[in-house]
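Worksheet: one structure, shown below.
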Amino acid sequence: MKSIKHILASGQSKDDPVGRPGLGTFGEFCWPKWLTLFSAALVLCVSRQTQICTAQTLPNTRPVKVQILESNGAYRLYVEHKPFYIKGAGIEFGSQEKLKEHGGNSFRTWTTDNGQESGQKVLDRALTNGLYVAMGLDVDHERRGFDYDNTNAVARQFAQLMALVGEYKDHPALIIWVIGNELNFEENPKVWDAVNDLSKAIHRIDPNHLTTTTLAGFKPETVNLVKTRAPDLDFLSFQMYYDIINLPKYLREAAWDKPYLVTEWGATGHWEVGRTAWGAPIENDSTTKADLYKLRFEKVILSDQKLCLGSYVFLWGNKQERTPTWYGMFLSSGEETAPVDVMHYFWTGAWPSNRCPRLEGAWLDGKTANQSVRLKAGQTYVARVQASDPDQNPLTYRWEVMAESAETKIGGDVESKPAPIPGVIAAPARSEISLQAPNQAGAYRLFAYVFDGHGHAAHANIPFYVDAAPQSQPAAGNIGQPLTSAAP
C-alpha cells in the first residue's frame, strides 16, 4: 500500500497529457496530494467488506493522525492508522447525539463558533459522542462585501482564521479543516491564493490533519483553476443536489482518478425544481425527498468504492431557506423526517425500529403543488393530505399558511422565516381542512404536517396565489381611474 507521500514523490509529471493534475512532491503539497487523499477515502466508502473505524471510542488526550493512502488505484481515509469511511452529516445547530444514535460517525461545520456554541464546545461534545469533526473555516465572500484585492483585509482574515486553527488543532475530535465554502461563486480568483496560503500555514503548524475546500458542482475549468492556485490542498470536496446523479459521468469525462469527498448533498435544490406560473419553486414532500436521498446515495456515493471518501448529508437539523422544510432533515419542533430513516439504513445496515409516516399526496382545491393553484381572496377551499404509517401508529395533523418568502439569498446565507397567518384554517388538526384564502392578493404556501406520536413526521407544502376579489363597477366620478390588478 502506498502512502500519499510515496505517491507524490514518485517523480510523475505535474501535468499529464490529458490535463489532469500532476503528482509533484509531498513537500510542495501540490494538487495530486489532495487527489490522492480523495481516492483513498473513496475505496473505504462503499466496501462493506472493509474494516471501518466507527469512532465509538475516540482518543481523548492528543490529536489523531489523519492520512489518505492509496492501494492499486483505490484511496482510503485513515484515522489513527485505521480505515475510516465518513458516514456524516452537516450540522450547525442539529443534534450530535441523534447523529450518533442513527449510526453516523462524523459531522462537518461551516465555521468554528456557530453563534450558540464555541468551537471548543462543539469539539468537546463530538468527543463525548464519539464523532469526528471536519471543522469549517469561514473564508469570507464578496457578496458580504469582502475584497480579495484588499491585501490588508486578506491579511486580517488570515490572522483571524489561523488563530482559530492554533486554538483547535490539537483537539482529538478534529480530522479535517474545511477552508471556505463554495468559494467558486467568487469572481476574483485571488480567493484561491488566500485558500492556498491558509492551507500551507495549517500544514506548517498542524501536521496531523488534512485540508480541503468545497466546490458547488463539478466543472473541469473550476477544478483546474483550484489546482493551479491552491495546490497545497490535500483534496477537493464537491457539493451537489439534484445534479449529483451526474457526478459519476462528470468524473469519467474528466478522467478523474483521485480521492474526493461529498460535503453537501440531499434534497433537490430550490434552483433545480419546477416553478409555478408566478415563479414560486415547488418543493418535494418528505417522502419524495427520502426516495431521492436513497437513490442518490446508492447510485453515486455508495457506488464509488475507489475514490469517494464518504459524505456529509445536508442538513442534520432545520433551517429556513426558501421554506422552513426544504433542506432540514428535522422539523423546527424536533421531529425526524423520512430522510433520517434512509441515512440510518445506510449507516447501520437496517431500517430504524420505528419509521416516519409516508405521504401519498396533498391537494388544495383538488390540485397538487405542480398545478399553479390560484384562489380568490376571502373564499373558502378544501385541502387534504393522505398519509400512512409503516408501524400503524395513529397519525395527527397540523396545517399552516405563510406568505411566500421574499428573501432570495444564495450560498445558504441566513433568511428570516415568514410568520404563519392566523385565522385562515378551520380545524387544522385534521387530514382534511377548510382554508379561507387570505384577503390580501399575493403568493402564499400551505404547509401540511403529519405526526406519528413517536418523534417522527412527514410534510408537504403547496404554493398558491391569491387573486384580488373582484371590484364593483366604479362610480361615474371614478371612471378612468385604474383598478387594482392581480400579479401574474
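Naming works like this for the C-alpha cells: A, B, ... for the chains as they're shown, residue 1 at the start of each chain, ligands 1 onward in shown order.
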
Using only C-alpha atoms, which protein or nucleic acid residues come within 10 Å of range 93-107 of chain A? Drop anything in the same chain fewer than 3 positions from it, and give the result as a ChimeraX atom specification. /A:53-56,84-90,114-117,122,125-126,128-135,173-175,263,311-313,315-319,328-330,334,336,340-349,351-352

Apply DSSP to the structure's backbone, then extract all residues of range 340-445 of chain A labelled helix (DSSP H, G or I) and return them as a list in words. Val340, Asp341, Val342, Met343, His344, Tyr345, Phe346, Trp347, Thr348, Ala369, Asn370 and Gln371 of chain A

Selection to disk with N, CA and C atoms, as a PDB file, in the first residue's frame:
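Result went into out05.pdb, see below:
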```
ATOM      1  N   VAL A 340     -33.999  10.903   7.400  1.00  0.00           N
ATOM      2  CA  VAL A 340     -33.236  10.361   8.537  1.00  0.00           C
ATOM      3  C   VAL A 340     -33.309   8.838   8.531  1.00  0.00           C
ATOM      4  N   ASP A 341     -34.501   8.293   8.251  1.00  0.00           N
ATOM      5  CA  ASP A 341     -34.645   6.836   8.152  1.00  0.00           C
ATOM      6  C   ASP A 341     -33.698   6.265   7.106  1.00  0.00           C
ATOM      7  N   VAL A 342     -33.609   6.949   5.970  1.00  0.00           N
ATOM      8  CA  VAL A 342     -32.761   6.465   4.874  1.00  0.00           C
ATOM      9  C   VAL A 342     -31.297   6.421   5.293  1.00  0.00           C
ATOM     10  N   MET A 343     -30.823   7.483   5.930  1.00  0.00           N
ATOM     11  CA  MET A 343     -29.420   7.508   6.329  1.00  0.00           C
ATOM     12  C   MET A 343     -29.151   6.480   7.430  1.00  0.00           C
ATOM     13  N   HIS A 344     -30.106   6.281   8.328  1.00  0.00           N
ATOM     14  CA  HIS A 344     -29.975   5.238   9.343  1.00  0.00           C
ATOM     15  C   HIS A 344     -29.763   3.884   8.668  1.00  0.00           C
ATOM     16  N   TYR A 345     -30.532   3.634   7.619  1.00  0.00           N
ATOM     17  CA  TYR A 345     -30.425   2.365   6.896  1.00  0.00           C
ATOM     18  C   TYR A 345     -29.029   2.184   6.292  1.00  0.00           C
ATOM     19  N   PHE A 346     -28.515   3.227   5.635  1.00  0.00           N
ATOM     20  CA  PHE A 346     -27.206   3.108   5.011  1.00  0.00           C
ATOM     21  C   PHE A 346     -26.079   3.052   6.041  1.00  0.00           C
ATOM     22  N   TRP A 347     -26.232   3.771   7.124  1.00  0.00           N
ATOM     23  CA  TRP A 347     -25.164   3.828   8.118  1.00  0.00           C
ATOM     24  C   TRP A 347     -25.114   2.591   9.016  1.00  0.00           C
ATOM     25  N   THR A 348     -26.248   1.915   9.223  1.00  0.00           N
ATOM     26  CA  THR A 348     -26.288   0.781  10.145  1.00  0.00           C
ATOM     27  C   THR A 348     -26.575  -0.546   9.457  1.00  0.00           C
ATOM     28  N   ALA A 369     -49.339  20.599  -5.932  1.00  0.00           N
ATOM     29  CA  ALA A 369     -48.404  21.724  -5.948  1.00  0.00           C
ATOM     30  C   ALA A 369     -47.926  22.052  -7.352  1.00  0.00           C
ATOM     31  N   ASN A 370     -47.956  21.082  -8.249  1.00  0.00           N
ATOM     32  CA  ASN A 370     -47.455  21.301  -9.606  1.00  0.00           C
ATOM     33  C   ASN A 370     -48.458  21.975 -10.528  1.00  0.00           C
ATOM     34  N   GLN A 371     -49.639  22.294 -10.018  1.00  0.00           N
ATOM     35  CA  GLN A 371     -50.707  22.795 -10.884  1.00  0.00           C
ATOM     36  C   GLN A 371     -51.000  24.283 -10.729  1.00  0.00           C
TER      37      GLN A 371
END
```

My list of candidates is A:Glu182, A:Asp257, A:Glu321, A:Asp170. Which is closest to Ser416 in chain A when distances are computed with only C-alpha atoms?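 Among A:Glu182, A:Asp257, A:Glu321, A:Asp170, it is A:Glu321 that comes nearest to Ser416 in chain A.
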
Would you kindly return, as a list in words, each protein, DNA or RNA residue with an atom no farther than 10 Å from any atom of Leu164 in chain A, considering only C-alpha atoms and excluding same-chain residues fewer than 6 positions away? Thr112, Asp113, Gly119 and Leu137 of chain A

Given the selection you just returned, output its residues as a file containing C-alpha atoms, formatted as a PDB file, in the first residue's frame.
```pdb
ATOM      1  CA  THR A 112     -15.752  27.177  14.192  1.00  0.00           C
ATOM      2  CA  ASP A 113     -18.065  29.103  16.545  1.00  0.00           C
ATOM      3  CA  GLY A 119     -15.653  25.671  18.594  1.00  0.00           C
ATOM      4  CA  LEU A 137     -13.075  27.918   8.482  1.00  0.00           C
TER       5      LEU A 137
END
```

Got a sec: who's within 7 Å of range 387-403 of chain A, counting only C-alpha atoms, leaving out chain neighbours fewer than 4 positions off, as an mmCIF file with C-alpha atoms, in the first residue's frame?
```cif
data_model
loop_
_atom_site.group_PDB
_atom_site.id
_atom_site.type_symbol
_atom_site.label_atom_id
_atom_site.label_comp_id
_atom_site.auth_asym_id
_atom_site.auth_seq_id
_atom_site.Cartn_x
_atom_site.Cartn_y
_atom_site.Cartn_z
ATOM 1 C CA ASN A 354 -39.971 2.932 14.132
ATOM 2 C CA ARG A 355 -40.157 4.846 10.872
ATOM 3 C CA CYS A 356 -41.590 8.138 9.662
ATOM 4 C CA PRO A 357 -45.060 8.445 8.110
ATOM 5 C CA ARG A 358 -45.286 8.291 4.320
ATOM 6 C CA LEU A 359 -47.281 10.689 2.187
ATOM 7 C CA GLU A 360 -49.429 9.594 -0.727
ATOM 8 C CA PRO A 418 -42.300 34.223 7.309
ATOM 9 C CA ALA A 419 -44.831 34.307 10.141
ATOM 10 C CA PRO A 420 -47.824 31.944 9.949
ATOM 11 C CA ILE A 421 -51.077 33.677 9.020
ATOM 12 C CA PRO A 428 -56.134 22.482 11.468
ATOM 13 C CA ALA A 429 -55.645 19.175 13.364
ATOM 14 C CA ARG A 430 -57.435 17.068 10.733
ATOM 15 C CA SER A 431 -56.276 15.453 7.492
ATOM 16 C CA ALA A 443 -48.190 34.422 -3.212
ATOM 17 C CA TYR A 444 -48.551 32.007 -0.262
ATOM 18 C CA ARG A 445 -47.812 28.435 0.792
ATOM 19 C CA LEU A 446 -49.997 25.942 2.589
ATOM 20 C CA PHE A 447 -47.989 23.544 4.782
ATOM 21 C CA ALA A 448 -49.269 20.144 5.951
ATOM 22 C CA TYR A 449 -47.536 18.208 8.738
ATOM 23 C CA VAL A 450 -48.231 14.607 9.782
ATOM 24 C CA PHE A 451 -47.013 13.156 13.110
ATOM 25 C CA ASP A 452 -46.839 9.580 14.422
#
```

So which residues touch His171 in chain A within 9 Å, counting only C-alpha atoms, skipping near sequence neighbours fewer than 3 positions away, as a PDB file with N, CA and C atoms, in the first residue's frame?
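Written out: selection_18.pdb:
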```pdb
ATOM      1  N   ASN A  60      -8.648  10.659  23.666  1.00  0.00           N
ATOM      2  CA  ASN A  60      -9.101  11.846  24.378  1.00  0.00           C
ATOM      3  C   ASN A  60      -7.980  12.670  24.977  1.00  0.00           C
ATOM      4  N   THR A  61      -6.740  12.403  24.557  1.00  0.00           N
ATOM      5  CA  THR A  61      -5.647  13.165  25.146  1.00  0.00           C
ATOM      6  C   THR A  61      -4.764  13.851  24.116  1.00  0.00           C
ATOM      7  N   ARG A  62      -4.875  13.511  22.844  1.00  0.00           N
ATOM      8  CA  ARG A  62      -3.967  14.072  21.849  1.00  0.00           C
ATOM      9  C   ARG A  62      -4.655  14.114  20.497  1.00  0.00           C
ATOM     10  N   PRO A  63      -4.131  14.885  19.551  1.00  0.00           N
ATOM     11  CA  PRO A  63      -4.724  14.912  18.220  1.00  0.00           C
ATOM     12  C   PRO A  63      -4.551  13.569  17.513  1.00  0.00           C
ATOM     13  N   VAL A  64      -5.479  13.240  16.624  1.00  0.00           N
ATOM     14  CA  VAL A  64      -5.381  11.998  15.860  1.00  0.00           C
ATOM     15  C   VAL A  64      -4.639  12.259  14.555  1.00  0.00           C
ATOM     16  N   GLN A 120     -14.736  25.095  20.753  1.00  0.00           N
ATOM     17  CA  GLN A 120     -14.296  24.175  21.801  1.00  0.00           C
ATOM     18  C   GLN A 120     -15.453  23.304  22.275  1.00  0.00           C
ATOM     19  N   LEU A 123     -16.438  20.716  19.579  1.00  0.00           N
ATOM     20  CA  LEU A 123     -15.499  19.608  19.530  1.00  0.00           C
ATOM     21  C   LEU A 123     -15.582  18.729  20.779  1.00  0.00           C
ATOM     22  N   ASP A 124     -15.764  19.352  21.942  1.00  0.00           N
ATOM     23  CA  ASP A 124     -15.877  18.565  23.170  1.00  0.00           C
ATOM     24  C   ASP A 124     -17.112  17.667  23.141  1.00  0.00           C
ATOM     25  N   LEU A 127     -16.426  14.743  20.893  1.00  0.00           N
ATOM     26  CA  LEU A 127     -15.596  13.743  21.568  1.00  0.00           C
ATOM     27  C   LEU A 127     -16.442  12.884  22.493  1.00  0.00           C
ATOM     28  N   GLU A 167      -5.932  27.392  17.987  1.00  0.00           N
ATOM     29  CA  GLU A 167      -6.717  27.099  19.192  1.00  0.00           C
ATOM     30  C   GLU A 167      -7.251  25.676  19.205  1.00  0.00           C
ATOM     31  N   TYR A 168      -7.617  25.147  18.023  1.00  0.00           N
ATOM     32  CA  TYR A 168      -8.324  23.865  17.985  1.00  0.00           C
ATOM     33  C   TYR A 168      -7.535  22.719  17.361  1.00  0.00           C
ATOM     34  N   LEU A 174     -10.958  16.372  16.040  1.00  0.00           N
ATOM     35  CA  LEU A 174     -10.764  17.019  14.740  1.00  0.00           C
ATOM     36  C   LEU A 174     -10.094  16.067  13.748  1.00  0.00           C
TER      37      LEU A 174
END
```

Atom-to-atom span, CA of Gly361 in chain A and CA of Ala290 in chain A, Å: 14.5 Å

State, in Å with one decimal place, the distance from CA of Gln320 in chain A to CA of Ser286 in chain A. 15.5 Å

Between CA of Thr268 in chain A and CA of Leu233 in chain A, distance in Å (one decimal):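 Taking CA of Thr268 in chain A and CA of Leu233 in chain A, their separation equals 28.7 Å.
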
Per-residue DSSP, range 222-358 of chain A, filtered to strand (DSSP E), as a PyMOL selection string: chain A and resi 235-239+260-264+308-313+358

So that I can see what lies close to Ala437 in chain A, please list as a list of chain:residue names the residues with an atom at most 6 Å from it, counting only C-alpha atoms and leaving out residues fewer than 5 positions away in the same chain. A:Ala377, A:Gly378, A:Gln379

Counting only C-alpha atoms, which of A:Leu247, A:Arg229, A:Ser333, A:Lys65 gets nearest to Asp206 in chain A? A:Lys65

Which of these residues is nearest to His209 in chain A, using only C-alpha atoms: A:Leu251, A:Ile68, A:Ala426, A:Ala159?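 Of the candidates, the smallest distance to His209 in chain A is held by A:Ile68.
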
Spatial neighbours of range 466-470 of chain A, 6 Å, only C-alpha atoms, chain gap at least 4 places, as a list in words: Arg374, Leu375, Lys376, Ala377, Ala441, Gly442 and Ala486 of chain A

Let me see the file: selected residues, N, CA and C atoms, as an mmCIF file, in the first residue's frame.
```
data_model
loop_
_atom_site.group_PDB
_atom_site.id
_atom_site.type_symbol
_atom_site.label_atom_id
_atom_site.label_comp_id
_atom_site.auth_asym_id
_atom_site.auth_seq_id
_atom_site.Cartn_x
_atom_site.Cartn_y
_atom_site.Cartn_z
ATOM 1 N N ARG A 374 -54.537 28.712 -7.938
ATOM 2 C CA ARG A 374 -54.948 30.108 -7.748
ATOM 3 C C ARG A 374 -56.281 30.122 -7.008
ATOM 4 N N LEU A 375 -56.380 31.006 -6.018
ATOM 5 C CA LEU A 375 -57.583 31.133 -5.200
ATOM 6 C C LEU A 375 -58.090 32.565 -5.243
ATOM 7 N N LYS A 376 -59.350 32.728 -4.900
ATOM 8 C CA LYS A 376 -59.961 34.058 -4.815
ATOM 9 C C LYS A 376 -59.915 34.546 -3.373
ATOM 10 N N ALA A 377 -59.516 35.765 -3.188
ATOM 11 C CA ALA A 377 -59.409 36.336 -1.835
ATOM 12 C C ALA A 377 -60.713 36.177 -1.074
ATOM 13 N N ALA A 441 -54.099 39.970 -1.845
ATOM 14 C CA ALA A 441 -53.591 39.266 -3.018
ATOM 15 C C ALA A 441 -52.092 39.027 -2.879
ATOM 16 N N GLY A 442 -51.641 37.918 -3.440
ATOM 17 C CA GLY A 442 -50.221 37.631 -3.406
ATOM 18 C C GLY A 442 -49.939 36.148 -3.352
ATOM 19 N N ALA A 486 -54.265 42.115 -10.330
ATOM 20 C CA ALA A 486 -53.587 40.989 -9.708
ATOM 21 C C ALA A 486 -52.234 40.778 -10.379
#
```
